[in-house]
>>> print(open('start-v7.pdb').read())   # PDB, C-alpha atoms
MODEL        1
ATOM      1  CA  MET K   7      -4.550 -16.617  -3.613
ATOM      2  CA  LEU K   8      -1.864 -14.469  -2.002
ATOM      3  CA  TYR K   9      -2.278 -12.809   1.375
ATOM      4  CA  VAL K  10      -0.222 -10.453   3.477
ATOM      5  CA  ALA K  11       0.224 -11.045   7.194
ATOM      6  CA  LEU K  12       1.120  -7.980   9.246
ATOM      7  CA  LEU K  13       2.470  -8.793  12.711
ATOM      8  CA  ARG K  14       2.850  -6.140  15.374
ATOM      9  CA  ASN K  15       5.967  -5.500  17.445
ATOM     10  CA  VAL K  16       8.274  -7.694  15.380
ATOM     11  CA  ASN K  17      11.919  -6.982  14.717
ATOM     12  CA  LEU K  18      13.276 -10.156  13.142
ATOM     13  CA  GLY K  19      16.042 -11.800  15.137
ATOM     14  CA  GLN K  20      15.629  -9.623  18.241
ATOM     15  CA  PRO K  21      14.525 -10.930  21.677
ATOM     16  CA  GLN K  22      10.955 -12.278  21.624
ATOM     17  CA  SER K  23      10.853 -11.881  17.857
ATOM     18  CA  PRO K  24      11.323 -14.719  15.414
ATOM     19  CA  THR K  25      14.119 -14.989  12.913
ATOM     20  CA  ARG K  26      13.113 -14.795   9.264
ATOM     21  CA  ALA K  27      13.372 -18.597   9.043
ATOM     22  CA  GLN K  28      11.178 -19.059  12.131
ATOM     23  CA  LEU K  29       8.538 -16.658  10.795
ATOM     24  CA  GLU K  30       8.331 -18.367   7.420
ATOM     25  CA  SER K  31       8.443 -21.803   9.039
ATOM     26  CA  ALA K  32       5.561 -20.899  11.369
ATOM     27  CA  PHE K  33       3.285 -20.180   8.411
ATOM     28  CA  LEU K  34       4.358 -23.329   6.586
ATOM     29  CA  HIS K  35       3.772 -25.286   9.804
ATOM     30  CA  ALA K  36       0.270 -23.743   9.929
ATOM     31  CA  ALA K  37      -0.443 -25.197   6.452
ATOM     32  CA  ALA K  38       0.364 -22.197   4.261
ATOM     33  CA  SER K  39       1.395 -23.320   0.771
ATOM     34  CA  THR K  40       4.095 -20.650   0.533
ATOM     35  CA  ALA K  41       5.534 -18.086   2.941
ATOM     36  CA  ALA K  42       8.031 -15.320   2.246
ATOM     37  CA  SER K  43       9.048 -12.590   4.668
ATOM     38  CA  PHE K  44      10.357  -9.504   2.906
ATOM     39  CA  LEU K  45      10.751  -6.875   5.609
ATOM     40  CA  SER K  46      12.357  -7.082   9.044
ATOM     41  CA  ASN K  47       9.153  -5.840  10.714
ATOM     42  CA  GLY K  48       7.094  -9.022  10.454
ATOM     43  CA  THR K  49       5.444  -8.470   7.076
ATOM     44  CA  LEU K  50       4.975 -11.746   5.237
ATOM     45  CA  VAL K  51       3.319 -12.830   1.976
ATOM     46  CA  PHE K  52       1.763 -16.273   2.035
ATOM     47  CA  SER K  53      -0.681 -18.435   0.149
ATOM     48  CA  VAL K  54      -3.267 -20.946   1.283
ATOM     49  CA  ALA K  55      -5.470 -23.458  -0.452
ATOM     50  CA  PRO K  56      -8.884 -22.089  -1.504
ATOM     51  CA  SER K  57     -10.556 -24.166   1.222
ATOM     52  CA  GLN K  58      -8.391 -22.598   3.970
ATOM     53  CA  SER K  59      -8.919 -19.391   5.900
ATOM     54  CA  ALA K  60      -5.967 -17.017   5.661
ATOM     55  CA  GLN K  61      -6.709 -15.511   9.088
ATOM     56  CA  GLU K  62      -6.972 -18.935  10.745
ATOM     57  CA  THR K  63      -3.651 -19.915   9.147
ATOM     58  CA  ALA K  64      -2.065 -16.729  10.512
ATOM     59  CA  ASP K  65      -3.596 -17.345  13.952
ATOM     60  CA  HIS K  66      -2.091 -20.861  14.034
ATOM     61  CA  ALA K  67       1.264 -19.445  12.932
ATOM     62  CA  CYS K  68       1.111 -16.936  15.812
ATOM     63  CA  GLU K  69       0.409 -19.745  18.300
ATOM     64  CA  TYR K  70       3.456 -21.569  16.926
ATOM     65  CA  LEU K  71       5.612 -18.430  17.224
ATOM     66  CA  SER K  72       4.521 -17.981  20.831
ATOM     67  CA  ARG K  73       5.856 -21.449  21.649
ATOM     68  CA  VAL K  74       9.050 -21.114  19.571
ATOM     69  CA  CYS K  75      10.270 -17.622  20.449
ATOM     70  CA  GLY K  76       7.832 -16.063  22.911
ATOM     71  CA  LEU K  77       6.156 -13.681  20.438
ATOM     72  CA  ASN K  78       2.640 -12.964  21.705
ATOM     73  CA  GLU K  79       1.254 -10.710  19.018
ATOM     74  CA  PRO K  80      -1.625 -11.119  16.583
ATOM     75  CA  ALA K  81      -1.315 -11.119  12.812
ATOM     76  CA  PHE K  82      -3.700  -9.164  10.637
ATOM     77  CA  THR K  83      -4.282 -10.532   7.159
ATOM     78  CA  HIS K  84      -5.439  -8.976   3.928
ATOM     79  CA  SER K  85      -5.418 -10.367   0.429
ATOM     80  CA  LEU K  86      -3.086  -8.701  -2.037
ATOM     81  CA  HIS K  87      -6.245  -7.807  -3.955
ATOM     82  CA  GLU K  88      -7.611  -5.898  -0.921
ATOM     83  CA  LEU K  89      -4.330  -4.024  -0.488
ATOM     84  CA  ALA K  90      -4.316  -3.133  -4.193
ATOM     85  CA  GLN K  91      -7.849  -1.740  -3.781
ATOM     86  CA  PHE K  92      -6.662   0.492  -0.909
ATOM     87  CA  VAL K  93      -3.882   1.836  -3.147
ATOM     88  CA  ALA K  94      -6.239   2.310  -6.106
ATOM     89  CA  LYS K  95      -8.541   4.487  -3.985
ATOM     90  CA  ASP K  96      -5.555   6.834  -3.432
ATOM     91  CA  PRO K  97      -6.638   7.782   0.100
ATOM     92  CA  PHE K  98      -3.907  10.409   0.511
ATOM     93  CA  SER K  99      -4.685  12.369  -2.656
ATOM     94  CA  GLY K 100      -6.425  15.222  -0.846
ATOM     95  CA  PHE K 101      -3.401  16.231   1.221
ATOM     96  CA  ASP K 102      -0.816  18.872   0.422
ATOM     97  CA  ASN K 103       2.396  16.926  -0.202
ATOM     98  CA  VAL K 104       4.544  19.889   0.837
ATOM     99  CA  HIS K 105       3.417  19.821   4.465
ATOM    100  CA  VAL K 106       2.740  16.111   5.018
ATOM    101  CA  ALA K 107       5.648  14.449   6.803
ATOM    102  CA  GLU K 108       4.281  10.909   6.735
ATOM    103  CA  ARG K 109       1.356   8.928   5.406
ATOM    104  CA  ALA K 110       0.325   5.814   7.304
ATOM    105  CA  ALA K 111      -2.025   2.881   6.969
ATOM    106  CA  THR K 112      -2.463   1.166  10.323
ATOM    107  CA  PHE K 113      -3.907  -2.334  10.315
ATOM    108  CA  PHE K 114      -5.905  -3.805  13.206
ATOM    109  CA  ALA K 115      -8.546  -6.427  13.912
ATOM    110  CA  PRO K 116     -11.811  -5.422  12.218
ATOM    111  CA  MET K 117     -14.403  -4.242  14.705
ATOM    112  CA  ALA K 118     -17.641  -5.740  13.403
ATOM    113  CA  GLY K 119     -20.485  -3.287  13.633
ATOM    114  CA  LYS K 120     -18.382  -0.473  15.119
ATOM    115  CA  VAL K 121     -18.178   2.853  13.369
ATOM    116  CA  VAL K 122     -15.304   5.125  14.291
ATOM    117  CA  PRO K 123     -16.131   8.750  13.519
ATOM    118  CA  THR K 124     -13.438  10.675  11.697
ATOM    119  CA  PRO K 125     -11.554  12.920  11.561
ATOM    120  CA  ILE K 126      -9.579  12.357  14.756
ATOM    121  CA  GLU K 127      -6.821  14.863  15.437
ATOM    122  CA  SER K 128      -4.036  14.647  18.015
ATOM    123  CA  ALA K 129      -3.936  17.202  20.841
ATOM    124  CA  ARG K 130      -0.797  18.755  19.284
ATOM    125  CA  LYS K 131      -2.564  18.976  15.896
ATOM    126  CA  ASP K 132       0.322  17.112  14.223
ATOM    127  CA  CYS K 133      -1.516  13.893  13.354
ATOM    128  CA  LEU K 134      -4.852  13.388  11.646
ATOM    129  CA  VAL K 135      -6.691  10.076  11.272
ATOM    130  CA  PHE K 136      -8.998  10.869   8.393
ATOM    131  CA  ARG K 137     -10.480   7.506   7.419
ATOM    132  CA  VAL K 138     -11.216   4.249   9.234
ATOM    133  CA  GLU K 139     -12.488   1.133   7.495
ATOM    134  CA  ALA K 140     -12.805  -2.455   8.672
ATOM    135  CA  GLY K 141      -9.288  -3.296   9.772
ATOM    136  CA  VAL K 142      -7.398  -0.229   8.523
ATOM    137  CA  ALA K 143      -7.008   3.423   9.521
ATOM    138  CA  PHE K 144      -5.432   6.059   7.287
ATOM    139  CA  SER K 145      -3.569   9.003   8.783
ATOM    140  CA  VAL K 146      -1.118  11.762   8.038
ATOM    141  CA  THR K 147       1.380  13.593  10.201
ATOM    142  CA  TRP K 148       2.397  17.187   9.567
ATOM    143  CA  GLU K 149       5.920  18.588   9.490
TER     144      GLU K 149
ENDMDL
END
>>> encode(input="start-v7.pdb", output="structure tokens")
Amino acid sequence: MLYVALLRNVNLGQPQSPTRAQLESAFLHAAASTAASFLSNGTLVFSVAPSQSAQETADHACEYLSRVCGLNEPAFTHSLHELAQFVAKDPFSGFDNVHVAERAATFFAPMAGKVVPTPIESARKDCLVFRVEAGVAFSVTWE
């Protein structure tokens, strides 16, 4: 099964960020079967054996990266199937495309048992978080 690891505050090759080779190597070192980074921001697709936990693999990779390059950030994992389900739900369909400047999905550690009431609007009224699920928040910013 394929998973996506999303690491915060990564700019490949910059100080306290891994190189692409280090990032991929960290996941392979943590027992991932495959690992391929495809963006410079720390997004990586990897696979694990069915008996392995994708999040535990990512956690071990993060520990390795801390030792190798000083990166001290968590990784949030989702299966490609989960990400496809987010896309299929078309969460941004109710927004006027003319006035929306940006659509965002922000990934974070799931907060078991916590419910975050939405909508949440910024003080300047230029950003709206309209949906929060376990481990992901959807928002739009206005022009």
>>> closest_residue(input="start-v7.pdb", among="K:Gln28, K:Gln22, K:Ser145, K:Ser85", to="Thr112 of chain K", atoms="all atoms listed in the file")
K:Ser145
>>> residues_around(input="start-v7.pdb", residues="Leu12 of chain K", least_positions_apart="2", cutoff="12 Å", atoms="all atoms listed in the file", output="ChimeraX atom specification")
/K:9-10,14-16,29,43-52,61,64-65,68,79-85,89,111-115,141-142
>>> closest_residue(input="start-v7.pdb", among="K:Ala11, K:Ala143, K:Cys75, K:Ala94", to="Ala60 of chain K", atoms="only C-alpha atoms")
K:Ala11
>>> closest_residue(input="start-v7.pdb", among="K:Glu108, K:Pro97, K:Ser57, K:Arg137", to="Val122 of chain K", atoms="all atoms listed in the file")
K:Arg137
>>> resolve_selection(input="start-v7.pdb", expression="the PyMOL selection byres ((chain K and resi 76) around 9)", output="list in words")
Pro21, Gln22, Ser23, Pro24, Leu71, Ser72, Arg73, Val74, Cys75, Leu77 and Asn78 of chain K
>>> closest_residue(input="start-v7.pdb", among="K:Val54, K:Ala140, K:Gly19, K:Leu8", to="Ala90 of chain K", atoms="all atoms listed in the file")
K:Leu8
>>> resolve_selection(input="start-v7.pdb", expression="the PyMOL selection byres ((chain K and resi 133) around 12)", output="ChimeraX atom specification")
/K:105-110,125-132,134-136,144-149
>>> write_last_selection(input="start-v7.pdb", atoms="C-alpha atoms", output="compact mmCIF listing (two decimals), in the coordinates of the input")
# COMPACT_ATOMS: atom_id res chain seq x y z
CA HIS K 105 3.42 19.82 4.46
CA VAL K 106 2.74 16.11 5.02
CA ALA K 107 5.65 14.45 6.80
CA GLU K 108 4.28 10.91 6.74
CA ARG K 109 1.36 8.93 5.41
CA ALA K 110 0.32 5.81 7.30
CA PRO K 125 -11.55 12.92 11.56
CA ILE K 126 -9.58 12.36 14.76
CA GLU K 127 -6.82 14.86 15.44
CA SER K 128 -4.04 14.65 18.02
CA ALA K 129 -3.94 17.20 20.84
CA ARG K 130 -0.80 18.76 19.28
CA LYS K 131 -2.56 18.98 15.90
CA ASP K 132 0.32 17.11 14.22
CA LEU K 134 -4.85 13.39 11.65
CA VAL K 135 -6.69 10.08 11.27
CA PHE K 136 -9.00 10.87 8.39
CA PHE K 144 -5.43 6.06 7.29
CA SER K 145 -3.57 9.00 8.78
CA VAL K 146 -1.12 11.76 8.04
CA THR K 147 1.38 13.59 10.20
CA TRP K 148 2.40 17.19 9.57
CA GLU K 149 5.92 18.59 9.49
>>> atom_distance(input="start-v7.pdb", atom1="atom CA of Ala32 of chain K", atom2="atom CA of Ala67 of chain K")
4.8 Å
>>> atom_distance(input="start-v7.pdb", atom1="atom CA of Tyr70 of chain K", atom2="atom CA of Glu88 of chain K")
26.2 Å
>>> resolve_selection(input="start-v7.pdb", expression="the PyMOL selection byres ((chain K and resi 38) around 8)", output="number ranges by chain")
K: 33-37, 39-41, 52-55, 63
>>> closest_residue(input="start-v7.pdb", among="K:Pro56, K:His87, K:Phe92, K:Asp102", to="Val138 of chain K", atoms="all atoms listed in the file")
K:Phe92
>>> atom_distance(input="start-v7.pdb", atom1="atom CA of Gln58 of chain K", atom2="atom CA of Leu13 of chain K")
19.6 Å
